[in-house]
$ cat structure-v9.txt   # compact mmCIF, C-alpha atoms
# COMPACT_ATOMS: atom_id res chain seq x y z
CA MET A 1 112.47 42.57 76.67
CA THR A 2 113.79 39.18 77.70
CA GLU A 3 111.73 36.41 76.32
CA GLU A 4 110.40 33.69 78.55
CA VAL A 5 109.50 30.37 77.02
CA LYS A 6 108.27 27.44 79.07
CA LEU A 7 106.98 24.08 77.97
CA ILE A 8 104.71 22.00 80.18
CA GLY A 9 105.17 18.49 78.83
CA ALA A 10 105.53 14.84 79.71
CA TRP A 11 108.47 12.64 78.79
CA VAL A 12 106.16 9.79 77.76
CA SER A 13 104.11 11.97 75.46
CA PRO A 14 104.86 11.95 71.73
CA VAL A 15 102.86 15.14 71.22
CA SER A 16 104.93 16.85 73.89
CA LEU A 17 108.07 15.75 72.05
CA ARG A 18 106.74 17.36 68.86
CA VAL A 19 106.96 20.74 70.54
CA GLU A 20 110.44 20.10 71.94
CA LEU A 21 111.72 19.12 68.50
CA ALA A 22 110.23 22.28 67.00
CA LEU A 23 111.79 24.52 69.67
CA LYS A 24 115.17 22.80 69.31
CA LEU A 25 115.12 23.11 65.52
CA LYS A 26 114.49 26.83 65.89
CA GLY A 27 117.15 27.18 68.57
CA VAL A 28 114.68 28.60 71.09
CA LYS A 29 115.77 28.47 74.73
CA TYR A 30 113.03 27.18 76.98
CA GLU A 31 112.36 25.87 80.45
CA TYR A 32 110.90 22.38 80.46
CA ILE A 33 108.41 21.40 83.14
CA ASP A 34 107.60 17.70 83.27
CA GLU A 35 104.08 16.75 84.29
CA ASP A 36 103.09 13.68 86.24
CA LEU A 37 100.06 12.75 84.15
CA SER A 38 98.56 10.75 87.00
CA ASN A 39 98.67 13.82 89.23
CA LYS A 40 98.24 16.94 87.17
CA SER A 41 99.71 20.15 88.50
CA PRO A 42 97.70 23.31 89.28
CA LEU A 43 99.87 25.00 86.63
CA LEU A 44 98.65 22.67 83.89
CA LEU A 45 95.03 22.91 85.01
CA LYS A 46 95.32 26.70 85.05
CA TYR A 47 96.89 26.99 81.60
CA ASN A 48 94.85 24.31 79.84
CA PRO A 49 91.54 24.18 81.69
CA ILE A 50 89.71 22.98 78.59
CA HIS A 51 91.63 19.80 77.88
CA LYS A 52 93.89 19.53 80.95
CA LYS A 53 96.54 17.98 78.72
CA VAL A 54 100.14 18.42 77.72
CA PRO A 55 101.83 19.99 75.88
CA VAL A 56 101.22 23.62 76.77
CA LEU A 57 103.61 26.30 75.59
CA LEU A 58 103.94 29.42 77.70
CA HIS A 59 105.37 32.38 75.82
CA ASN A 60 105.86 35.36 78.12
CA GLY A 61 103.15 33.89 80.34
CA LYS A 62 100.60 33.38 77.57
CA PRO A 63 99.52 29.77 77.11
CA ILE A 64 99.02 27.89 73.86
CA ALA A 65 97.65 24.35 73.83
CA GLU A 66 97.30 21.60 71.19
CA SER A 67 100.60 20.46 69.69
CA ALA A 68 99.67 21.17 66.04
CA VAL A 69 98.52 24.68 67.00
CA ILE A 70 101.71 25.19 69.03
CA LEU A 71 103.90 24.13 66.11
CA GLU A 72 102.23 26.64 63.78
CA TYR A 73 102.71 29.30 66.46
CA ILE A 74 106.40 28.42 66.83
CA ASP A 75 106.91 28.57 63.07
CA GLU A 76 105.25 32.00 62.88
CA THR A 77 106.99 33.46 65.91
CA TRP A 78 110.61 32.41 65.47
CA LYS A 79 112.65 32.63 62.28
CA GLY A 80 115.24 30.08 61.30
CA TYR A 81 114.44 26.49 60.51
CA GLN A 82 111.20 26.26 58.53
CA LEU A 83 108.67 23.80 59.87
CA LEU A 84 106.08 24.50 57.17
CA PRO A 85 106.77 25.23 53.51
CA GLU A 86 106.23 28.72 52.00
CA ASP A 87 103.84 27.81 49.24
CA PRO A 88 100.14 27.88 50.27
CA TYR A 89 99.34 24.67 48.40
CA GLU A 90 102.26 22.82 49.97
CA ARG A 91 101.18 24.17 53.35
CA ALA A 92 97.67 22.78 52.75
CA VAL A 93 99.13 19.39 51.86
CA THR A 94 101.25 19.53 55.03
CA ARG A 95 98.26 20.36 57.23
CA PHE A 96 96.22 17.61 55.56
CA TRP A 97 98.79 14.97 56.48
CA VAL A 98 99.23 16.22 60.03
CA LYS A 99 95.47 16.00 60.48
CA PHE A 100 95.46 12.50 58.97
CA ILE A 101 98.20 11.36 61.32
CA ASP A 102 96.42 12.82 64.36
CA GLU A 103 92.84 11.88 63.61
CA LYS A 104 93.21 8.60 61.73
CA CYS A 105 96.63 6.98 62.22
CA ILE A 106 97.38 7.55 65.87
CA GLU A 107 93.75 6.91 66.86
CA ALA A 108 93.64 3.64 64.94
CA ILE A 109 97.02 2.45 66.21
CA TRP A 110 96.24 3.18 69.85
CA LYS A 111 92.89 1.42 69.50
CA ALA A 112 94.50 -1.63 67.87
CA CYS A 113 96.97 -1.88 70.73
CA TRP A 114 94.56 -1.65 73.62
CA ILE A 115 91.12 -2.82 72.45
CA GLU A 116 89.74 -6.09 73.80
CA GLU A 117 90.94 -9.24 72.07
CA ARG A 118 87.77 -10.18 70.25
CA LYS A 119 87.68 -6.80 68.48
CA GLN A 120 91.42 -6.57 67.99
CA GLU A 121 91.83 -8.25 64.61
CA LYS A 122 89.54 -5.73 62.91
CA ALA A 123 91.21 -2.83 64.73
CA ILE A 124 94.65 -4.03 63.63
CA GLU A 125 93.50 -4.19 60.00
CA GLU A 126 92.14 -0.65 60.23
CA ALA A 127 95.38 0.62 61.75
CA LYS A 128 97.40 -1.07 59.01
CA GLU A 129 95.19 0.63 56.40
CA THR A 130 96.16 4.05 57.75
CA LEU A 131 99.84 3.10 57.76
CA LYS A 132 99.54 1.86 54.18
CA ILE A 133 98.27 5.29 53.20
CA LEU A 134 101.35 6.88 54.77
CA GLU A 135 103.59 4.30 53.13
CA ASN A 136 102.11 5.20 49.75
CA GLU A 137 102.59 8.90 50.40
CA LEU A 138 106.28 8.32 51.10
CA LYS A 139 106.63 6.22 47.95
CA LYS A 140 106.52 9.49 46.01
CA GLY A 141 110.25 9.43 46.49
CA ARG A 142 111.13 11.97 49.16
CA LYS A 143 113.52 11.23 51.98
CA PHE A 144 111.15 12.75 54.50
CA PHE A 145 107.46 13.71 54.28
CA ALA A 146 108.66 17.30 54.02
CA GLY A 147 111.32 16.63 51.39
CA ASP A 148 115.09 16.57 51.91
CA ASN A 149 114.82 17.84 55.46
CA ILE A 150 112.38 17.06 58.24
CA GLY A 151 109.29 19.22 58.62
CA PHE A 152 105.93 19.48 60.33
CA VAL A 153 104.57 16.14 59.06
CA ASP A 154 107.70 14.21 60.03
CA ILE A 155 107.65 15.72 63.50
CA ALA A 156 103.94 14.96 63.83
CA ALA A 157 104.69 11.34 62.93
CA ILE A 158 107.19 10.86 65.78
CA PHE A 159 104.63 8.55 67.41
CA ILE A 160 104.87 6.25 64.42
CA ALA A 161 108.65 6.48 64.27
CA PHE A 162 109.29 5.58 67.89
CA TRP A 163 106.24 4.83 70.01
CA VAL A 164 104.67 2.22 67.73
CA GLY A 165 107.71 -0.05 67.93
CA VAL A 166 107.60 0.01 71.72
CA LEU A 167 103.83 -0.46 71.96
CA GLN A 168 103.89 -3.41 69.56
CA GLU A 169 106.28 -5.15 71.89
CA VAL A 170 104.38 -4.32 75.06
CA VAL A 171 101.01 -5.55 73.79
CA GLY A 172 102.36 -8.28 71.53
CA ILE A 173 100.96 -7.33 68.15
CA SER A 174 102.50 -6.56 64.79
CA LEU A 175 101.34 -3.45 62.99
CA MET A 176 104.22 -2.34 60.92
CA ASP A 177 106.48 -5.17 59.83
CA GLU A 178 109.34 -4.19 57.60
CA GLU A 179 108.34 -6.48 54.75
CA LYS A 180 104.97 -4.81 54.33
CA PHE A 181 106.16 -1.29 55.12
CA PRO A 182 109.67 -0.96 53.68
CA VAL A 183 109.42 2.74 52.85
CA LEU A 184 108.04 3.64 56.25
CA HIS A 185 110.85 1.70 57.89
CA LYS A 186 113.44 3.52 55.81
CA TRP A 187 111.86 6.83 56.80
CA ILE A 188 111.97 5.83 60.48
CA GLU A 189 115.66 5.01 60.21
CA GLU A 190 116.50 8.34 58.55
CA PHE A 191 114.28 10.28 60.93
CA ILE A 192 115.61 8.75 64.15
CA ASN A 193 119.14 9.32 62.88
CA CYS A 194 118.60 13.06 62.66
CA ASP A 195 120.55 14.62 65.53
CA VAL A 196 117.72 16.69 66.91
CA VAL A 197 115.45 13.65 66.98
CA GLY A 198 117.87 11.01 68.25
CA GLU A 199 119.16 13.26 71.02
CA ASN A 200 115.71 14.04 72.39
CA LEU A 201 113.89 10.72 72.33
CA PRO A 202 113.09 9.17 75.69
CA PRO A 203 115.22 6.07 76.39
CA ARG A 204 113.54 3.09 74.77
CA ASP A 205 113.78 0.81 77.79
CA LYS A 206 112.31 3.51 80.03
CA LEU A 207 109.37 3.97 77.64
CA PHE A 208 108.88 0.20 77.42
CA ALA A 209 108.90 -0.09 81.21
CA TYR A 210 106.37 2.73 81.49
CA TYR A 211 103.83 1.10 79.19
CA GLN A 212 104.54 -2.35 80.58
CA GLY A 213 103.91 -1.01 84.07
CA HIS A 214 100.71 0.82 83.09
CA LYS A 215 99.29 -2.00 80.95
CA GLU A 216 96.41 -2.96 83.21
CA THR A 217 95.36 0.65 83.72
CA ILE A 218 95.36 1.39 80.01
CA TYR A 219 93.47 -1.82 79.17
CA ALA A 220 90.83 -0.88 81.76
CA ILE A 221 90.38 2.62 80.33
CA ALA A 222 90.28 1.22 76.79
CA SER A 223 87.58 -1.32 77.61
CA ARG A 224 85.32 1.50 78.83
CA PHE A 225 86.17 3.79 75.93
CA TYR A 226 85.97 1.36 73.01
CA LYS A 227 82.51 -0.01 73.68
CA MET B 1 92.09 34.17 40.65
CA GLY B 2 92.32 30.95 38.65
CA GLU B 3 89.70 28.28 38.33
CA VAL B 4 88.04 27.35 41.61
CA LYS B 5 85.74 24.37 42.03
CA LEU B 6 84.02 23.21 45.20
CA PHE B 7 82.74 19.67 45.56
CA GLY B 8 80.05 19.66 48.21
CA LEU B 9 76.82 18.43 49.69
CA TRP B 10 73.81 20.70 50.14
CA LEU B 11 73.37 20.02 53.82
CA SER B 12 76.89 19.70 55.12
CA PRO B 13 78.11 22.27 57.67
CA TYR B 14 81.69 21.40 56.64
CA VAL B 15 80.92 22.36 53.04
CA TYR B 16 79.27 25.57 54.19
CA ARG B 17 82.40 26.60 56.07
CA VAL B 18 84.11 26.73 52.69
CA ILE B 19 81.17 28.40 50.90
CA TRP B 20 81.11 31.14 53.54
CA ALA B 21 84.86 31.70 53.25
CA LEU B 22 84.70 31.93 49.45
CA LYS B 23 81.73 34.34 49.59
CA LEU B 24 83.36 36.50 52.28
CA LYS B 25 86.32 36.98 50.00
CA GLY B 26 84.29 37.42 46.83
CA ILE B 27 85.88 34.42 45.12
CA GLU B 28 84.09 33.08 42.06
CA TYR B 29 83.74 29.33 42.05
CA GLU B 30 81.91 26.49 40.39
CA TYR B 31 79.90 24.36 42.78
CA ILE B 32 79.52 20.66 42.13
CA GLU B 33 76.91 18.80 44.19
CA GLU B 34 78.01 15.28 45.06
CA ASP B 35 75.76 12.30 45.53
CA LEU B 36 77.45 10.46 48.39
CA SER B 37 75.83 7.17 47.38
CA ASN B 38 77.35 7.58 43.94
CA LYS B 39 80.56 9.58 44.28
CA SER B 40 81.94 11.19 41.15
CA GLU B 41 85.21 10.01 39.61
CA LEU B 42 86.64 13.46 40.09
CA LEU B 43 85.90 13.44 43.84
CA LEU B 44 87.52 10.02 44.24
CA LYS B 45 90.53 11.25 42.29
CA TYR B 46 90.80 14.50 44.26
CA ASN B 47 90.27 12.98 47.71
CA PRO B 48 91.37 9.34 47.51
CA VAL B 49 92.25 9.19 51.21
CA HIS B 50 88.88 10.17 52.68
CA LYS B 51 86.56 10.23 49.64
CA LYS B 52 84.60 13.03 51.31
CA VAL B 53 83.37 16.53 50.73
CA PRO B 54 84.25 19.34 50.82
CA VAL B 55 87.09 19.34 48.33
CA LEU B 56 88.38 22.55 46.81
CA ALA B 57 90.18 22.36 43.48
CA HIS B 58 92.20 25.45 42.57
CA ASP B 59 93.49 25.27 39.00
CA GLY B 60 93.09 21.52 39.20
CA LYS B 61 95.02 21.15 42.47
CA PRO B 62 92.83 19.53 45.12
CA ILE B 63 92.64 20.32 48.83
CA ALA B 64 90.56 18.29 51.28
CA GLU B 65 89.48 18.84 54.91
CA SER B 66 87.44 21.99 55.49
CA LEU B 67 89.74 23.68 58.03
CA VAL B 68 92.77 23.00 55.81
CA ILE B 69 90.81 24.49 52.90
CA LEU B 70 89.94 27.58 54.97
CA GLU B 71 93.60 28.24 55.78
CA TYR B 72 94.51 27.77 52.12
CA ILE B 73 91.80 30.22 51.04
CA ASP B 74 93.00 32.74 53.63
CA GLU B 75 96.62 32.50 52.50
CA THR B 76 95.80 32.62 48.79
CA TRP B 77 93.22 35.43 48.92
CA PRO B 78 94.18 37.71 51.82
CA GLU B 79 91.26 40.21 51.56
CA ASN B 80 88.75 40.00 54.43
CA PRO B 81 91.08 37.81 56.46
CA LEU B 82 89.83 34.82 58.41
CA LEU B 83 92.80 34.89 60.74
CA PRO B 84 94.29 37.90 62.56
CA LYS B 85 97.93 38.98 62.09
CA ASP B 86 98.98 38.41 65.70
CA ALA B 87 100.47 34.93 66.23
CA GLU B 88 98.92 34.43 69.66
CA GLN B 89 95.44 35.33 68.39
CA ARG B 90 95.97 33.05 65.41
CA ALA B 91 96.81 30.23 67.82
CA ALA B 92 93.63 30.92 69.80
CA ALA B 93 91.55 30.85 66.60
CA ARG B 94 93.12 27.56 65.50
CA PHE B 95 92.64 26.12 68.99
CA TRP B 96 88.91 26.84 68.93
CA ALA B 97 88.49 25.71 65.33
CA LYS B 98 90.11 22.40 66.28
CA PHE B 99 87.90 22.20 69.37
CA ALA B 100 84.77 22.65 67.23
CA GLU B 101 86.03 19.96 64.87
CA ASP B 102 87.09 17.41 67.50
CA LYS B 103 83.97 17.74 69.61
CA ALA B 104 81.44 17.54 66.75
CA THR B 105 80.85 13.79 67.17
CA CYS B 106 78.90 14.11 70.40
CA PHE B 107 76.32 16.22 68.53
CA MET B 108 76.01 13.57 65.84
CA THR B 109 75.55 10.88 68.50
CA PHE B 110 72.99 13.07 70.28
CA PHE B 111 71.06 13.29 67.04
CA ARG B 112 71.19 9.66 65.98
CA SER B 113 70.52 7.93 69.31
CA SER B 114 67.91 7.62 72.00
CA GLY B 115 67.61 6.54 75.61
CA GLU B 116 70.77 6.07 77.63
CA GLU B 117 73.13 6.60 74.72
CA GLN B 118 71.49 9.89 73.88
CA GLU B 119 71.53 11.03 77.48
CA LYS B 120 75.27 10.37 77.61
CA ALA B 121 75.76 12.29 74.35
CA ARG B 122 73.58 15.13 75.61
CA LYS B 123 75.81 15.51 78.68
CA GLU B 124 78.94 15.52 76.49
CA CYS B 125 77.43 18.17 74.22
CA LEU B 126 76.58 20.34 77.22
CA GLU B 127 80.10 19.95 78.56
CA MET B 128 81.53 21.00 75.21
CA LEU B 129 79.22 24.01 75.04
CA ARG B 130 80.10 24.92 78.63
CA MET B 131 83.80 25.07 77.70
CA VAL B 132 83.07 27.45 74.84
CA GLU B 133 80.80 29.57 77.04
CA GLU B 134 83.39 29.88 79.79
CA TYR B 135 86.66 30.06 77.91
CA GLY B 136 85.80 31.10 74.35
CA GLY B 137 86.30 34.80 75.10
CA LEU B 138 82.81 35.72 73.87
CA GLU B 139 82.19 37.97 76.87
CA GLU B 140 84.73 40.39 75.42
CA LYS B 141 83.89 40.24 71.74
CA LYS B 142 81.03 39.75 69.33
CA PHE B 143 82.66 36.90 67.43
CA PHE B 144 85.59 34.53 67.99
CA GLY B 145 87.28 36.59 65.30
CA GLY B 146 86.57 39.90 67.06
CA ASP B 147 84.28 42.40 65.31
CA THR B 148 84.00 40.24 62.23
CA ILE B 149 83.70 36.49 61.78
CA GLY B 150 86.85 34.43 61.36
CA LEU B 151 88.14 30.88 61.20
CA ALA B 152 86.78 29.77 64.56
CA ASP B 153 83.34 31.28 63.89
CA LEU B 154 83.09 29.38 60.61
CA ALA B 155 84.21 26.20 62.38
CA PHE B 156 81.35 26.62 64.87
CA GLY B 157 78.86 27.24 62.05
CA GLY B 158 77.30 23.87 62.74
CA VAL B 159 76.35 25.01 66.24
CA ALA B 160 74.94 28.27 64.87
CA CYS B 161 72.86 26.87 62.07
CA TRP B 162 72.45 23.12 62.27
CA LEU B 163 72.01 22.63 66.00
CA GLY B 164 68.64 24.41 65.99
CA VAL B 165 67.33 21.96 63.39
CA MET B 166 68.62 18.99 65.43
CA GLU B 167 67.06 20.39 68.61
CA ASP B 168 63.69 20.79 66.86
CA ILE B 169 63.72 17.24 65.57
CA VAL B 170 64.98 15.59 68.74
CA GLY B 171 62.75 17.80 70.89
CA VAL B 172 65.53 18.72 73.30
CA LYS B 173 67.14 22.14 73.60
CA LEU B 174 70.86 22.27 74.29
CA VAL B 175 71.55 26.00 74.00
CA GLU B 176 69.20 28.39 75.75
CA ALA B 177 69.55 32.08 76.54
CA HIS B 178 69.59 31.55 80.30
CA THR B 179 71.98 28.56 80.32
CA PHE B 180 74.44 29.75 77.68
CA PRO B 181 73.96 33.53 77.33
CA ARG B 182 77.23 34.20 75.48
CA LEU B 183 76.80 31.35 73.00
CA TYR B 184 73.16 32.24 72.51
CA ALA B 185 74.14 35.82 71.64
CA TRP B 186 76.93 34.60 69.36
CA ILE B 187 74.50 32.30 67.48
CA HIS B 188 72.15 35.21 66.97
CA ASN B 189 74.94 37.53 65.78
CA PHE B 190 76.45 34.89 63.51
CA ASN B 191 73.11 34.32 61.82
CA GLN B 192 72.74 38.07 61.21
CA VAL B 193 75.93 38.27 59.13
CA GLY B 194 75.00 38.88 55.47
CA VAL B 195 77.15 36.17 53.94
CA ILE B 196 75.79 33.62 56.42
CA LYS B 197 72.15 34.68 56.12
CA GLU B 198 72.32 34.52 52.33
CA ASN B 199 74.09 31.18 52.24
CA LEU B 200 72.32 28.52 54.22
CA PRO B 201 70.59 25.31 53.17
CA ASP B 202 66.81 25.56 53.04
CA ARG B 203 65.57 25.02 56.60
CA GLU B 204 62.38 23.23 55.61
CA LYS B 205 64.29 20.92 53.31
CA MET B 206 66.76 20.22 56.14
CA LEU B 207 64.00 19.50 58.64
CA VAL B 208 62.38 16.99 56.29
CA PHE B 209 65.67 15.33 55.42
CA PHE B 210 67.06 15.08 58.96
CA LYS B 211 63.73 14.00 60.44
CA ARG B 212 63.64 11.06 58.02
CA ARG B 213 67.30 10.38 58.64
CA ARG B 214 66.77 10.17 62.40
CA GLU B 215 63.80 7.82 61.95
CA ILE B 216 65.88 5.49 59.80
CA LEU B 217 68.82 5.58 62.22
CA LEU B 218 66.66 4.88 65.26
CA ALA B 219 64.88 2.04 63.48
CA SER B 220 68.12 0.34 62.58
CA ALA B 221 69.74 0.84 65.98
$ encode --input "structure-v9.txt" --output "structure tokens"
Amino acid sequence: MTEEVKLIGAWVSPVSLRVELALKLKGVKYEYIDEDLSNKSPLLLKYNPIHKKVPVLLHNGKPIAESAVILEYIDETWKGYQLLPEDPYERAVTRFWVKFIDEKCIEAIWKACWIEERKQEKAIEEAKETLKILENELKKGRKFFAGDNIGFVDIAAIFIAFWVGVLQEVVGISLMDEEKFPVLHKWIEEFINCDVVGENLPPRDKLFAYYQGHKETIYAIASRFYK
Amino acid sequence: MGEVKLFGLWLSPYVYRVIWALKLKGIEYEYIEEDLSNKSELLLKYNPVHKKVPVLAHDGKPIAESLVILEYIDETWPENPLLPKDAEQRAAARFWAKFAEDKATCFMTFFRSSGEEQEKARKECLEMLRMVEEYGGLEEKKFFGGDTIGLADLAFGGVACWLGVMEDIVGVKLVEAHTFPRLYAWIHNFNQVGVIKENLPDREKMLVFFKRRREILLASA
């Protein structure tokens, strides 16, 4: 049976990129469908009616949503490059950090970028706290969160490796300066230099232009959300 | 089996997810009740990032975050599995477990607020429950896990066992048989499962505690 793999994603989305990196590392051939997030397709709404978000993986027509869930599915379905370690304890540690990145780091960073000015100082401090925790985790001496080679946690942290730099510039704040986060910066350098990562990142100036162009919209949404 | 310790709190649905998993698999463990206003040194050492319960320590190695703990338990003790073998079904279970986790805050807001804020939270809770009712697959099976409870069922344990207490205290029903027939049936079935029935916090104790808690929260709002 020929296998059909499709990915509904968005070039601006770091969580969509997580899935692409995983598929590329495994050498899985897939068809990529780019979504216009301001005008969601019937396909996306059909295959992710609950969240109506990217990424959605379609494997032989069956949809899987939520990037962390998709990555576990990819690791279980296709052999080859290992995204998660074998050992159950190491797997638990991996899942812990992915959850931390998703629920604490990314949330705090996004909030710090877009929250109204009078609340921003506190939000920036909170975001830096989460990054400090990651910095300390990396200080344990590994090249990547996963060890000598990139793994699930590294891929999950792509937002930190690439998006944060762009966002800092767009909104004019500093979250992650090299002096305070030397280990994180070293990790970013190594991570971006990996072929599979470097070759699949969106062009920096295009990403910058996107956020620059959508600034007012995002600020408006943020002001309603972060009451 | 090794030495298994669980650091918990008597009324936490997150802690109970882990208790249920351990009991389902017949794993012996030592339970340590934490006082959150005076956290033990061991808890702070084992979960320095979040300083929360539950924490499982297996032969001295700590794991935090209830869903992460559940997956660890399932991989370490494979009897009475929490996840099916099929990758697609595993993905569905993880999806719903994550959904239960991510959407829990609206229930907490519903409980601790009043007036406009509570009305907004109530609507969000209903929306969340509507998603589960429509897309959770409960029209085809007894539990999220099929014939027996699994990861997603345990993740929704809060809805099965704690929501009723909240509804009683707040005086507003969110899940009713005619509005959410599938969920209503699932709640009933979940509460009939031996391991669940035998392992729940005392309802009276919970009512007293949460009633006082809500009074304090509303007064300070």
$ closest_atom_pairs --input "structure-v9.txt" --of "chain A" --to "chain B" --cutoff "8 Å" --atoms "all atoms listed in the file" --output "tab-separated table"
residue	atom	partner	partner_atom	distance
A:Ile50	CA	B:Met131	CA	6.3
A:Ile64	CA	B:Ala91	CA	6.8
A:Ala65	CA	B:Phe95	CA	7.2
A:Glu66	CA	B:Phe95	CA	6.9
A:Val69	CA	B:Ala91	CA	5.9
A:Ile70	CA	B:Ala91	CA	7.1
A:Glu72	CA	B:Ala91	CA	7.7
A:Tyr73	CA	B:Ala87	CA	6.1
A:Glu76	CA	B:Ala87	CA	6.5
A:Thr77	CA	B:Ala87	CA	6.7
A:Pro88	CA	B:Tyr72	CA	5.9
A:Tyr89	CA	B:Tyr72	CA	6.8
A:Arg91	CA	B:Tyr72	CA	7.7
A:Ala92	CA	B:Val68	CA	5.8
A:Val93	CA	B:Ile63	CA	7.2
A:Arg95	CA	B:Val68	CA	6.3
A:Phe96	CA	B:Val68	CA	6.4
A:Ile133	CA	B:Val49	CA	7.4
$ residues_around --input "structure-v9.txt" --residues "stretch 135-142 of chain A" --least-positions-apart "2" --cutoff "9 Å" --atoms "only C-alpha atoms" --output "list of chain:residue names"
A:Thr130, A:Leu131, A:Lys132, A:Ile133, A:Phe144, A:Phe145, A:Ala146, A:Gly147, A:Asp148, A:Phe181, A:Pro182, A:Val183, A:Leu184, A:Trp187
$ closest_atom_pairs --input "structure-v9.txt" --of "stretch 34-152 of chain B" --to "stretch 207-220 of chain B" --cutoff "10 Å" --atoms "all atoms listed in the file" --output "JSON lines"
{"residue": "B:Phe111", "atom": "CA", "partner": "B:Arg214", "partner_atom": "CA", "distance": 7.0}
{"residue": "B:Arg112", "atom": "CA", "partner": "B:Arg214", "partner_atom": "CA", "distance": 5.7}
{"residue": "B:Ser113", "atom": "CA", "partner": "B:Leu218", "partner_atom": "CA", "distance": 6.4}
{"residue": "B:Ser114", "atom": "CA", "partner": "B:Leu218", "partner_atom": "CA", "distance": 7.4}
$ atom_distance --input "structure-v9.txt" --atom1 "atom CA of A:Gln82" --atom2 "atom CA of A:Pro63"
22.2 Å
$ closest_atom_pairs --input "structure-v9.txt" --of "stretch 54-74 of chain A" --to "stretch 28-40 of chain A" --cutoff "12 Å" --atoms "only C-alpha atoms" --output "tab-separated table"
residue	atom	partner	partner_atom	distance
A:Val54	CA	A:Glu35	CA	7.8
A:Pro55	CA	A:Glu35	CA	9.3
A:Val56	CA	A:Ile33	CA	9.9
A:Leu57	CA	A:Tyr30	CA	9.6
A:Leu58	CA	A:Tyr30	CA	9.4
A:His59	CA	A:Tyr30	CA	9.3
A:Asn60	CA	A:Tyr30	CA	10.9
A:Ile74	CA	A:Val28	CA	9.3
$ write_last_selection --input "structure-v9.txt" --atoms "C-alpha atoms" --output "short mmCIF file (atom, residue, chain, number, x, y, z; two decimals), in the frame of the given file"
data_model
loop_
_atom_site.label_atom_id
_atom_site.label_comp_id
_atom_site.auth_asym_id
_atom_site.auth_seq_id
_atom_site.Cartn_x
_atom_site.Cartn_y
_atom_site.Cartn_z
CA VAL A 54 100.14 18.42 77.72
CA PRO A 55 101.83 19.99 75.88
CA VAL A 56 101.22 23.62 76.77
CA LEU A 57 103.61 26.30 75.59
CA LEU A 58 103.94 29.42 77.70
CA HIS A 59 105.37 32.38 75.82
CA ASN A 60 105.86 35.36 78.12
CA ILE A 74 106.40 28.42 66.83
#
$ atom_distance --input "structure-v9.txt" --atom1 "atom CA of A:Leu25" --atom2 "atom CA of A:Leu43"
26.1 Å
$ atom_distance --input "structure-v9.txt" --atom1 "atom CA of B:Tyr14" --atom2 "atom CA of B:Pro54"
6.7 Å
$ closest_residue --input "structure-v9.txt" --among "A:Phe152, A:Tyr47, A:Trp11, A:Trp110" --to "A:Tyr219" --atoms "all atoms listed in the file"
A:Trp110
$ closest_residue --input "structure-v9.txt" --among "A:Glu189, A:Glu20, A:Glu178, A:Glu216" --to "A:Ala161" --atoms "only C-alpha atoms"
A:Glu189
$ closest_residue --input "structure-v9.txt" --among "A:Glu129, A:Glu169, A:Glu86, A:Asp154" --to "A:Cys113" --atoms "all atoms listed in the file"
A:Glu169
$ residues_around --input "structure-v9.txt" --residues "B:Leu200" --least-positions-apart "5" --cutoff "10 Å" --atoms "all atoms listed in the file" --output "CSV table (one decimal) with C-alpha atoms, in the coordinates of the input"
chain,number,residue,atom,x,y,z
B,10,TRP,CA,73.8,20.7,50.1
B,11,LEU,CA,73.4,20.0,53.8
B,12,SER,CA,76.9,19.7,55.1
B,13,PRO,CA,78.1,22.3,57.7
B,16,TYR,CA,79.3,25.6,54.2
B,19,ILE,CA,81.2,28.4,50.9
B,20,TRP,CA,81.1,31.1,53.5
B,161,CYS,CA,72.9,26.9,62.1
B,162,TRP,CA,72.4,23.1,62.3
B,191,ASN,CA,73.1,34.3,61.8
B,195,VAL,CA,77.2,36.2,53.9
$ axis_aligned_box --input "structure-v9.txt" --around "stretch 78-97 of chain B" --padding-each-side "4 Å" --output "lines of an AutoDock Vina configuration file"
center_x = 94.5
center_y = 33.0
center_z = 60.7
size_x = 20.0
size_y = 22.5
size_z = 26.2
$ closest_residue --input "structure-v9.txt" --among "B:Leu138, B:Leu129, B:Leu9, B:Glu119" --to "B:Ala185" --atoms "all atoms listed in the file"
B:Leu138
$ residues_near_point --input "structure-v9.txt" --point "(91.6, 33.9, 45.8)" --cutoff "6 Å" --atoms "all atoms listed in the file" --output "ChimeraX atom specification"
/B:1,27,76-77
$ residues_around --input "structure-v9.txt" --residues "A:Gly27" --least-positions-apart "6" --cutoff "10 Å" --atoms "only C-alpha atoms" --output "PyMOL selection string"
chain A and resi 21+78-81
$ closest_residue --input "structure-v9.txt" --among "B:Glu176, B:Glu41, B:Val170, B:Gly26" --to "B:Gly115" --atoms "all atoms listed in the file"
B:Val170
